[in-house]
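Raw contents of data25.cif, mmCIF, C-alpha atoms and all ligand atoms:
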```
data_query
loop_
_atom_site.label_atom_id
_atom_site.label_comp_id
_atom_site.auth_asym_id
_atom_site.auth_seq_id
_atom_site.Cartn_x
_atom_site.Cartn_y
_atom_site.Cartn_z
CA MET A 13 130.02 102.61 125.14
CA THR A 14 132.05 103.25 121.98
CA ILE A 15 131.46 100.56 119.40
CA THR A 16 133.31 101.68 116.34
CA THR A 17 134.99 104.61 114.70
CA THR A 18 133.28 104.08 111.33
CA MET A 19 130.28 106.33 110.77
CA ILE A 20 127.01 104.72 109.75
CA PRO A 21 125.49 107.33 107.46
CA HIS A 22 121.90 108.43 107.93
CA SER A 23 121.13 107.50 104.36
CA ARG A 24 122.75 105.53 101.55
CA PRO A 25 121.31 104.46 98.17
CA SER A 26 121.07 100.78 97.14
CA ILE A 27 122.77 100.59 93.77
CA ASP A 28 123.77 97.27 92.27
CA ARG A 29 124.51 95.70 88.92
CA GLY A 30 120.96 96.24 87.63
CA GLU A 31 121.20 100.02 87.87
CA ILE A 32 124.75 100.05 86.46
CA ARG A 33 123.72 97.84 83.54
CA ALA A 34 120.65 99.98 82.82
CA VAL A 35 122.68 103.21 82.76
CA THR A 36 125.36 101.61 80.63
CA GLU A 37 122.73 100.53 78.10
CA VAL A 38 121.43 104.08 77.84
CA LEU A 39 124.97 105.43 77.45
CA ARG A 40 125.66 102.92 74.69
CA SER A 41 122.35 103.65 72.97
CA GLY A 42 123.48 107.18 72.12
CA HIS A 43 120.14 108.61 73.34
CA LEU A 44 120.65 110.27 76.71
CA ALA A 45 117.89 112.86 76.94
CA GLN A 46 114.18 112.27 77.62
CA GLY A 47 113.04 109.41 75.43
CA ALA A 48 111.74 105.84 75.47
CA VAL A 49 113.23 104.97 78.87
CA VAL A 50 111.50 107.95 80.52
CA GLU A 51 108.23 106.77 78.94
CA ARG A 52 108.79 103.27 80.31
CA PHE A 53 109.48 104.70 83.77
CA GLU A 54 106.27 106.76 83.60
CA ARG A 55 104.25 103.69 82.66
CA GLY A 56 105.96 101.64 85.38
CA MET A 57 105.24 104.17 88.13
CA ALA A 58 101.64 104.61 86.97
CA ALA A 59 101.14 100.82 87.01
CA TYR A 60 102.71 100.59 90.47
CA LEU A 61 100.24 103.17 91.81
CA GLY A 62 97.32 101.87 89.75
CA LEU A 63 96.95 105.20 87.92
CA ALA A 64 96.36 106.03 84.26
CA GLY A 65 99.65 107.81 83.65
CA GLY A 66 102.57 109.86 84.81
CA VAL A 67 104.70 112.75 83.57
CA ALA A 68 108.34 112.61 84.63
CA VAL A 69 110.05 115.87 85.56
CA ASN A 70 113.39 116.90 87.02
CA SER A 71 112.46 117.00 90.74
CA GLY A 72 109.73 116.48 93.27
CA THR A 73 109.69 120.22 93.84
CA MET A 74 108.86 120.90 90.20
CA ALA A 75 106.33 118.04 90.22
CA LEU A 76 104.49 119.92 93.00
CA GLU A 77 104.56 123.15 91.02
CA VAL A 78 103.31 121.42 87.88
CA ALA A 79 100.52 119.75 89.91
CA LEU A 80 99.36 123.15 91.17
CA ARG A 81 99.54 124.69 87.70
CA VAL A 82 97.59 121.92 85.96
CA LEU A 83 94.77 122.49 88.49
CA GLY A 84 94.77 126.13 87.36
CA ILE A 85 95.82 127.39 90.79
CA GLY A 86 97.19 130.92 90.95
CA PRO A 87 96.77 134.35 92.53
CA GLY A 88 93.68 134.65 94.74
CA ASP A 89 93.61 130.90 95.47
CA GLU A 90 94.52 129.17 98.71
CA VAL A 91 96.31 125.86 99.14
CA ILE A 92 96.37 124.04 102.47
CA LEU A 93 99.52 122.23 103.58
CA PRO A 94 101.03 121.11 106.87
CA SER A 95 103.54 123.19 108.77
CA TYR A 96 105.76 120.20 109.48
CA VAL A 97 107.27 119.43 106.07
CA CYS A 98 110.26 120.56 104.03
CA ALA A 99 110.06 123.95 102.33
CA ALA A 100 109.43 122.55 98.81
CA PRO A 101 105.58 122.44 98.93
CA TRP A 102 105.35 125.97 100.38
CA GLN A 103 107.77 127.29 97.76
CA ALA A 104 105.75 125.65 94.96
CA VAL A 105 102.61 127.40 96.23
CA GLN A 106 104.48 130.74 96.29
CA ARG A 107 105.77 130.27 92.75
CA VAL A 108 102.27 129.84 91.33
CA GLY A 109 101.20 132.99 93.19
CA ALA A 110 98.67 131.32 95.51
CA GLN A 111 98.43 131.68 99.27
CA ALA A 112 99.63 128.86 101.51
CA ARG A 113 97.41 128.09 104.51
CA LEU A 114 99.40 126.12 107.06
CA VAL A 115 97.77 123.61 109.39
CA ASP A 116 99.26 121.63 112.23
CA ILE A 117 99.94 117.89 112.30
CA GLU A 118 98.55 114.96 114.26
CA PRO A 119 101.05 115.06 117.13
CA GLU A 120 101.60 111.31 117.31
CA THR A 121 101.91 110.44 113.62
CA PHE A 122 103.48 113.68 112.26
CA GLN A 123 100.85 113.71 109.45
CA ILE A 124 98.60 116.61 108.43
CA ASP A 125 95.61 116.84 110.81
CA ALA A 126 92.31 116.24 108.99
CA ASP A 127 90.17 118.20 111.50
CA LEU A 128 92.41 121.25 111.34
CA THR A 129 92.45 120.94 107.55
CA ARG A 130 88.63 120.99 107.49
CA ALA A 131 88.66 124.09 109.68
CA ALA A 132 91.13 125.85 107.36
CA ILE A 133 88.99 125.45 104.23
CA THR A 134 87.60 128.70 102.82
CA SER A 135 85.74 129.58 99.63
CA ARG A 136 89.19 130.18 98.05
CA THR A 137 90.70 126.77 98.89
CA ARG A 138 91.64 125.03 95.66
CA ALA A 139 93.80 122.14 96.82
CA ILE A 140 95.28 120.36 99.82
CA ILE A 141 98.88 119.16 99.60
CA VAL A 142 99.05 115.93 101.59
CA PRO A 143 102.60 114.78 102.25
CA HIS A 144 102.75 111.23 103.58
CA LEU A 145 105.73 111.71 105.84
CA PHE A 146 108.36 109.15 106.81
CA GLY A 147 106.59 106.14 105.19
CA LEU A 148 103.21 106.42 106.90
CA SER A 149 99.98 107.40 105.19
CA ALA A 150 98.14 110.55 106.21
CA ASP A 151 94.46 110.13 107.14
CA LEU A 152 93.47 109.85 103.47
CA THR A 153 89.92 108.71 104.11
CA ARG A 154 88.98 111.81 106.07
CA LEU A 155 90.99 114.16 103.88
CA ALA A 156 89.33 112.76 100.75
CA GLN A 157 85.91 113.50 102.26
CA LEU A 158 86.62 117.23 102.46
CA GLY A 159 85.59 117.85 98.86
CA VAL A 160 88.81 119.66 97.88
CA PRO A 161 91.29 118.20 95.33
CA LEU A 162 94.13 116.41 97.08
CA ILE A 163 97.69 116.50 95.80
CA GLU A 164 99.28 113.48 97.42
CA ASP A 165 102.97 114.12 98.02
CA CYS A 166 104.53 110.66 97.92
CA ALA A 167 108.14 111.90 98.01
CA GLN A 168 108.63 109.93 101.23
CA THR A 169 106.06 107.17 100.99
CA LEU A 170 105.25 104.52 98.41
CA GLY A 171 103.59 101.18 99.09
CA ALA A 172 101.94 102.15 102.40
CA MET A 173 98.21 101.54 102.82
CA GLU A 174 95.37 103.41 104.48
CA GLN A 175 92.03 101.60 104.93
CA GLY A 176 92.97 99.20 102.13
CA ARG A 177 94.01 101.87 99.63
CA ALA A 178 97.56 102.57 98.55
CA VAL A 179 99.01 106.02 99.13
CA GLY A 180 99.26 107.87 95.87
CA SER A 181 96.13 106.26 94.43
CA VAL A 182 93.51 108.52 96.04
CA GLY A 183 94.28 112.16 95.23
CA THR A 184 93.42 114.10 92.08
CA LEU A 185 97.17 114.21 91.50
CA THR A 186 100.14 112.42 93.02
CA VAL A 187 103.71 113.66 93.04
CA CYS A 188 106.88 111.65 93.62
CA SER A 189 110.54 112.51 94.15
CA PHE A 190 113.44 110.36 93.03
CA TYR A 191 116.15 112.33 94.82
CA ALA A 192 119.23 110.32 95.79
CA ASN A 193 118.07 109.44 99.32
CA LYS A 194 114.50 108.51 98.42
CA LEU A 195 112.78 105.08 98.55
CA LEU A 196 113.35 104.78 94.84
CA CYS A 197 116.13 107.00 93.60
CA ALA A 198 117.36 108.32 90.29
CA GLY A 199 119.83 110.92 91.59
CA GLU A 200 117.31 113.69 91.02
CA GLY A 201 113.87 113.51 89.47
CA GLY A 202 110.16 113.70 90.09
CA MET A 203 106.83 112.71 88.59
CA VAL A 204 103.24 113.92 88.45
CA LEU A 205 100.71 111.11 88.20
CA SER A 206 96.95 111.05 87.78
CA ASN A 207 93.95 109.18 86.43
CA ASP A 208 92.85 112.30 84.58
CA PRO A 209 94.19 112.42 80.99
CA VAL A 210 93.48 116.14 80.70
CA LEU A 211 95.63 116.96 83.73
CA LEU A 212 98.40 114.70 82.43
CA GLU A 213 98.30 116.41 79.05
CA ARG A 214 98.58 119.82 80.72
CA ALA A 215 101.55 118.58 82.76
CA ARG A 216 103.26 117.31 79.63
CA ALA A 217 102.79 120.68 77.97
CA LEU A 218 104.47 122.44 80.90
CA ARG A 219 107.68 120.42 80.98
CA GLU A 220 108.97 121.44 77.52
CA TYR A 221 109.34 124.88 76.02
CA ASP A 222 108.27 123.61 72.61
CA GLY A 223 105.74 121.05 73.84
CA ALA A 224 102.54 122.66 72.54
CA PRO A 225 101.45 124.37 69.31
CA SER A 226 100.76 127.70 71.03
CA LEU A 227 103.39 129.64 72.96
CA ASN A 228 102.99 128.98 76.68
CA PRO A 229 104.93 131.42 78.90
CA LEU A 230 104.77 128.98 81.83
CA ALA A 231 106.24 126.03 79.94
CA THR A 232 109.92 125.45 80.62
CA ASN A 233 112.54 122.74 80.60
CA LEU A 234 111.67 120.30 83.39
CA LYS A 235 112.70 117.13 81.59
CA MET A 236 114.18 114.00 83.13
CA THR A 237 116.89 112.18 81.17
CA ASP A 238 116.80 108.56 80.04
CA LEU A 239 119.87 108.04 82.25
CA GLN A 240 117.90 108.92 85.37
CA ALA A 241 114.85 106.98 84.22
CA ALA A 242 117.04 103.89 83.70
CA VAL A 243 118.11 104.06 87.35
CA GLY A 244 114.53 104.69 88.43
CA LEU A 245 113.22 101.70 86.46
CA ALA A 246 115.85 99.38 87.91
CA GLN A 247 114.94 100.63 91.38
CA LEU A 248 111.22 100.21 90.72
CA ASP A 249 111.83 96.49 90.06
CA ARG A 250 113.51 96.25 93.45
CA LEU A 251 111.00 98.38 95.35
CA PRO A 252 108.94 95.53 96.87
CA GLY A 253 112.18 94.00 98.23
CA PHE A 254 113.34 97.38 99.52
CA LEU A 255 110.07 97.92 101.37
CA GLU A 256 110.15 94.43 102.89
CA ARG A 257 113.63 95.03 104.21
CA ARG A 258 112.65 98.41 105.63
CA VAL A 259 109.73 96.86 107.51
CA ARG A 260 111.97 94.06 108.80
CA LEU A 261 114.59 96.54 110.03
CA ALA A 262 111.90 98.62 111.73
CA ARG A 263 110.78 95.51 113.59
CA GLU A 264 114.35 94.98 114.82
CA TYR A 265 114.60 98.59 115.98
CA ARG A 266 111.27 98.33 117.79
CA GLU A 267 112.49 95.23 119.61
CA ALA A 268 115.80 96.87 120.47
CA LEU A 269 114.18 100.03 121.77
CA ALA A 270 111.36 98.38 123.72
CA GLY A 271 111.59 99.43 127.36
CA THR A 272 113.80 102.44 126.62
CA SER A 273 112.72 106.07 126.95
CA ALA A 274 112.55 106.56 123.15
CA ILE A 275 108.97 106.99 121.91
CA LEU A 276 108.51 104.71 118.92
CA PRO A 277 106.73 105.56 115.63
CA ALA A 278 102.93 105.41 115.95
CA VAL A 279 100.95 103.44 113.37
CA PRO A 280 97.20 104.09 113.73
CA ALA A 281 94.70 101.29 113.02
CA GLY A 282 93.99 100.97 109.32
CA ARG A 283 97.31 102.49 108.22
CA SER A 284 100.59 100.79 107.36
CA HIS A 285 104.14 102.14 107.58
CA ILE A 286 107.00 101.37 105.20
CA TYR A 287 109.62 103.27 107.25
CA TYR A 288 111.25 105.62 104.81
CA ARG A 289 112.41 107.10 108.07
CA PHE A 290 112.42 105.50 111.51
CA VAL A 291 111.55 108.55 113.56
CA VAL A 292 111.58 108.34 117.34
CA ARG A 293 110.73 111.07 119.77
CA ILE A 294 113.20 111.73 122.49
CA SER A 295 111.48 112.34 125.78
CA LYS A 296 113.10 115.54 126.93
CA ARG A 297 114.69 115.57 130.34
CA GLY A 298 114.36 119.32 130.80
CA SER A 299 113.01 122.31 128.91
CA GLY A 300 116.28 123.03 127.10
CA SER A 301 115.73 123.42 123.37
CA ASP A 302 119.20 122.03 122.59
CA GLU A 303 118.51 118.54 123.88
CA LEU A 304 117.85 117.17 120.42
CA SER A 305 121.09 118.66 119.03
CA GLU A 306 123.03 117.29 121.97
CA CYS A 307 121.51 113.86 121.43
CA LEU A 308 122.37 113.99 117.70
CA GLU A 309 125.96 114.90 118.58
CA ARG A 310 126.26 112.09 121.13
CA LEU A 311 124.96 109.54 118.63
CA GLU A 312 127.31 110.81 115.97
CA ARG A 313 130.25 110.43 118.35
CA GLN A 314 129.15 106.80 118.74
CA GLY A 315 129.28 106.32 114.95
CA VAL A 316 125.56 106.63 114.15
CA GLN A 317 124.57 109.59 112.03
CA CYS A 318 121.00 110.58 112.90
CA ARG A 319 119.10 113.57 111.61
CA LYS A 320 116.21 115.89 112.36
CA PRO A 321 113.73 114.51 109.80
CA VAL A 322 112.43 117.97 108.90
CA PHE A 323 115.03 120.71 108.72
CA GLN A 324 112.71 123.45 110.02
CA SER A 325 108.91 123.70 110.28
CA LEU A 326 107.28 126.20 107.96
CA HIS A 327 105.65 128.03 110.87
CA ARG A 328 109.11 128.63 112.38
CA TYR A 329 110.51 129.87 109.08
CA LEU A 330 107.53 132.21 108.87
CA ASP A 331 107.54 133.10 112.57
CA LEU A 332 103.90 132.03 113.09
CA LYS A 333 102.43 131.03 116.44
CA GLY A 334 100.04 128.21 117.28
CA PHE A 335 101.45 125.00 115.79
CA PRO A 336 102.10 122.92 118.91
CA GLY A 337 102.26 119.57 117.08
CA SER A 338 104.82 120.83 114.57
CA ALA A 339 106.81 122.62 117.28
CA ALA A 340 106.99 119.49 119.43
CA ALA A 341 108.00 117.36 116.43
CA GLU A 342 110.72 119.79 115.58
CA ASP A 343 112.11 119.71 119.12
CA GLU A 344 111.78 115.97 119.73
CA ALA A 345 111.82 114.00 116.47
CA LEU A 346 115.00 112.19 115.50
CA SER A 347 115.51 109.93 112.48
CA ILE A 348 117.68 106.84 112.86
CA PRO A 349 119.50 105.29 109.86
CA LEU A 350 117.17 102.77 108.22
CA TYR A 351 117.56 101.78 104.58
CA PRO A 352 117.89 98.56 102.59
CA ALA A 353 121.66 98.96 102.11
CA LEU A 354 122.25 98.88 105.87
CA ALA A 355 124.36 95.80 106.63
CA ASP A 356 123.33 93.42 109.43
CA GLU A 357 126.40 94.41 111.49
CA GLU A 358 125.43 98.06 111.11
CA VAL A 359 121.90 97.31 112.29
CA ALA A 360 123.33 95.55 115.33
CA GLN A 361 125.57 98.51 116.05
CA VAL A 362 122.73 101.01 115.70
CA CYS A 363 120.66 98.91 118.15
CA ILE A 364 123.45 98.88 120.75
CA VAL A 365 124.09 102.61 120.48
CA MET A 366 120.38 103.44 120.67
CA ARG A 367 119.72 101.21 123.65
CA ASP A 368 122.65 102.83 125.40
CA GLU A 369 121.44 106.35 124.59
CA TRP A 370 117.88 105.80 125.73
CA ARG A 371 118.28 103.25 128.51
CA ARG A 372 116.11 104.13 131.48
CA GLU A 373 118.21 105.30 134.38
C1 LIG B 1 107.58 115.62 101.32
C2 LIG B 1 108.49 116.15 100.25
N1 LIG B 1 107.98 116.83 99.22
C3 LIG B 1 108.76 117.30 98.24
C4 LIG B 1 110.11 117.12 98.23
C5 LIG B 1 110.95 117.71 97.15
O1 LIG B 1 111.50 116.75 96.31
P1 LIG B 1 112.85 117.03 95.47
O2 LIG B 1 113.98 117.04 96.42
O3 LIG B 1 112.91 115.90 94.50
O4 LIG B 1 112.66 118.34 94.79
C6 LIG B 1 110.69 116.40 99.27
C7 LIG B 1 112.16 116.20 99.26
O5 LIG B 1 112.78 115.67 100.08
C8 LIG B 1 109.87 115.90 100.32
O6 LIG B 1 110.39 115.23 101.35
#
```
Spell out the structure here as structure tokens.
Amino acid sequence: MTITTTMIPHSRPSIDRGEIRAVTEVLRSGHLAQGAVVERFERGMAAYLGLAGGVAVNSGTMALEVALRVLGIGPGDEVILPSYVCAAPWQAVQRVGAQARLVDIEPETFQIDADLTRAAITSRTRAIIVPHLFGLSADLTRLAQLGVPLIEDCAQTLGAMEQGRAVGSVGTLTVCSFYANKLLCAGEGGMVLSNDPVLLERARALREYDGAPSLNPLATNLKMTDLQAAVGLAQLDRLPGFLERRVRLAREYREALAGTSAILPAVPAGRSHIYYRFVVRISKRGSGSDELSECLERLERQGVQCRKPVFQSLHRYLDLKGFPGSAAAEDEALSIPLYPALADEEVAQVCIVMRDEWRRE
């Protein structure tokens, strides 16, 4: 059934007068580079996560690299991370000269598997990068018991809980991304947060070439501008409302897709989901590897732009065998448009198109 010819994009930021006013104020102030607004954004994010402080940088990718560097990680060290995640964490590990040890995910939740992580620990393991994918927490309790510093990657998840604790509040370090399609966006940007003032001080020294009295060859220009921080601060004010709307929309999608062949997002007991992405699994009709692409094309023709939520698993990039959870996710996972700026009519249209796509024959 064709509903409309207008495409509902997979992602769209929520920008209103607050963000425009905040940027205009910075423009009028005459101070555009990193300054007081960045500091306010750092304090605001730290307060949101209940942490001592944050250091804003220019991307989530660089926040990951800074997090590894402030822990003193380098050649000879190993860092564990899941195979099913974007390339940024792996690239950060490469840039500091450490070795990435990939582990598979929990097949149902898409999150890093705590048992496999335990099995991958060696005497050289210096950190575990824990991305909380799609708005759901990883198994923080069990990961925190492993005795290895956790770097929580909150690029995709803020405000979700695991056993009563907020994501981002448990690890030795937490990193965020404020890229344009994120829960809280600033165009581009990232942050490293922690309760440890020494780590924060080291992070601060890395983001500016002239940030410390002695010459540091690893320091560079990673600064965020006050313009971006102004957008981020305005978005931070709206974050609780954004998350509420995401959860409400997810409820509507669950109702619409009940009884269809789509496998809905799993939320294990003790964890909450804030639906940065609403990721369903398509139950494949055959063994053809193109089924997901065909499904994406069909949905697009119906005016709903869906996406593979991870472009390509790290184990596939690296041609490694033995990651069945990541491989299945890559072949079956499909992300449906879900964001606060989605209009009610668009939600209704997405529901009709989805039900049609996955109706049981
Ligand atoms: C889990 C995860 N980590 C890190 C990043 C990198 O963040 P950025 O795009 O801000 O560099 C992303 C970006 O999408 C991400 O999803």
Discussion item. Between A:Pro119, A:Gly147, A:Gly176, A:Gly56, which residue has the minimum interatomic distance to ligand LIG 1 (chain B), considering all atoms listed in the file?
Written reply: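 That would be A:Gly147, the residue with the smallest distance to ligand LIG 1 (chain B).
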Discussion item. Quick one: residues within 8 Å of segment 112-117 of chain A, only C-alpha atoms, excluding same-chain residues fewer than 3 positions away - as an NGL selection string?
Written reply: :A and (90-96 or 102 or 105-106 or 121-125 or 128-129 or 132 or 326-327 or 335-338)
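Excluding Ser189 of chain A itself and any same-chain residue fewer than 6 positions from it, the protein and nucleic acid residues within 10 Å of it, counting only C-alpha atoms, are Ala68, Val69, Asn70, Ser71, Gly72, Thr73, Met74, Ala75, Leu76, Asp165, Cys166, Ala167, Gln168, Thr169, Leu195, Leu196, Cys197, Ala198, Gly199, Glu200, Gly201, Gly202, Met203 and Val204 of chain A.
With atom CA of Lys194 of chain A on one side and atom CA of Pro280 of chain A on the other, the separation reads 23.5 Å.
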Worksheet entry | segment 231-233 of chain A surroundings by all atoms listed in the file, 9 Å radius, close-in-sequence under 6 positions cut, as a PyMOL selection string | chain A and resi 69-70+217-224
Item to complete: In Å, rounded to a single decimal, give me how far atom CA of Ile20 of chain A is from atom CA of Gln240 of chain A.
Response: 26.4 Å
Worksheet, complete the sentence: Here atom CA of Ala246 of chain A and atom CA of Val78 of chain A stand apart by 25.4 Å
Discussion item. For a quick check of understanding, using all atoms listed in the file, which of A:Ala353, A:Cys307, A:Ile286, A:Ile32 has the smallest distance to Leu255 of chain A?
Written reply: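 The answer is A:Ile286, which sits nearest to Leu255 of chain A.
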Practice prompt. Return the single residue from A:Arg250, A:Arg24, A:Arg40, A:Arg29 that is closest to Asp238 of chain A, with distances computed using all atoms listed in the file.
Written response: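 Checking each of A:Arg250, A:Arg24, A:Arg40, A:Arg29 against Asp238 of chain A, counting all atoms listed in the file, the winner is A:Arg40.
Checking A:Leu304, A:Leu227, A:Glu344, A:Glu256 one by one against Ile275 of chain A, counting all atoms listed in the file, you find the shortest gap at A:Glu344.
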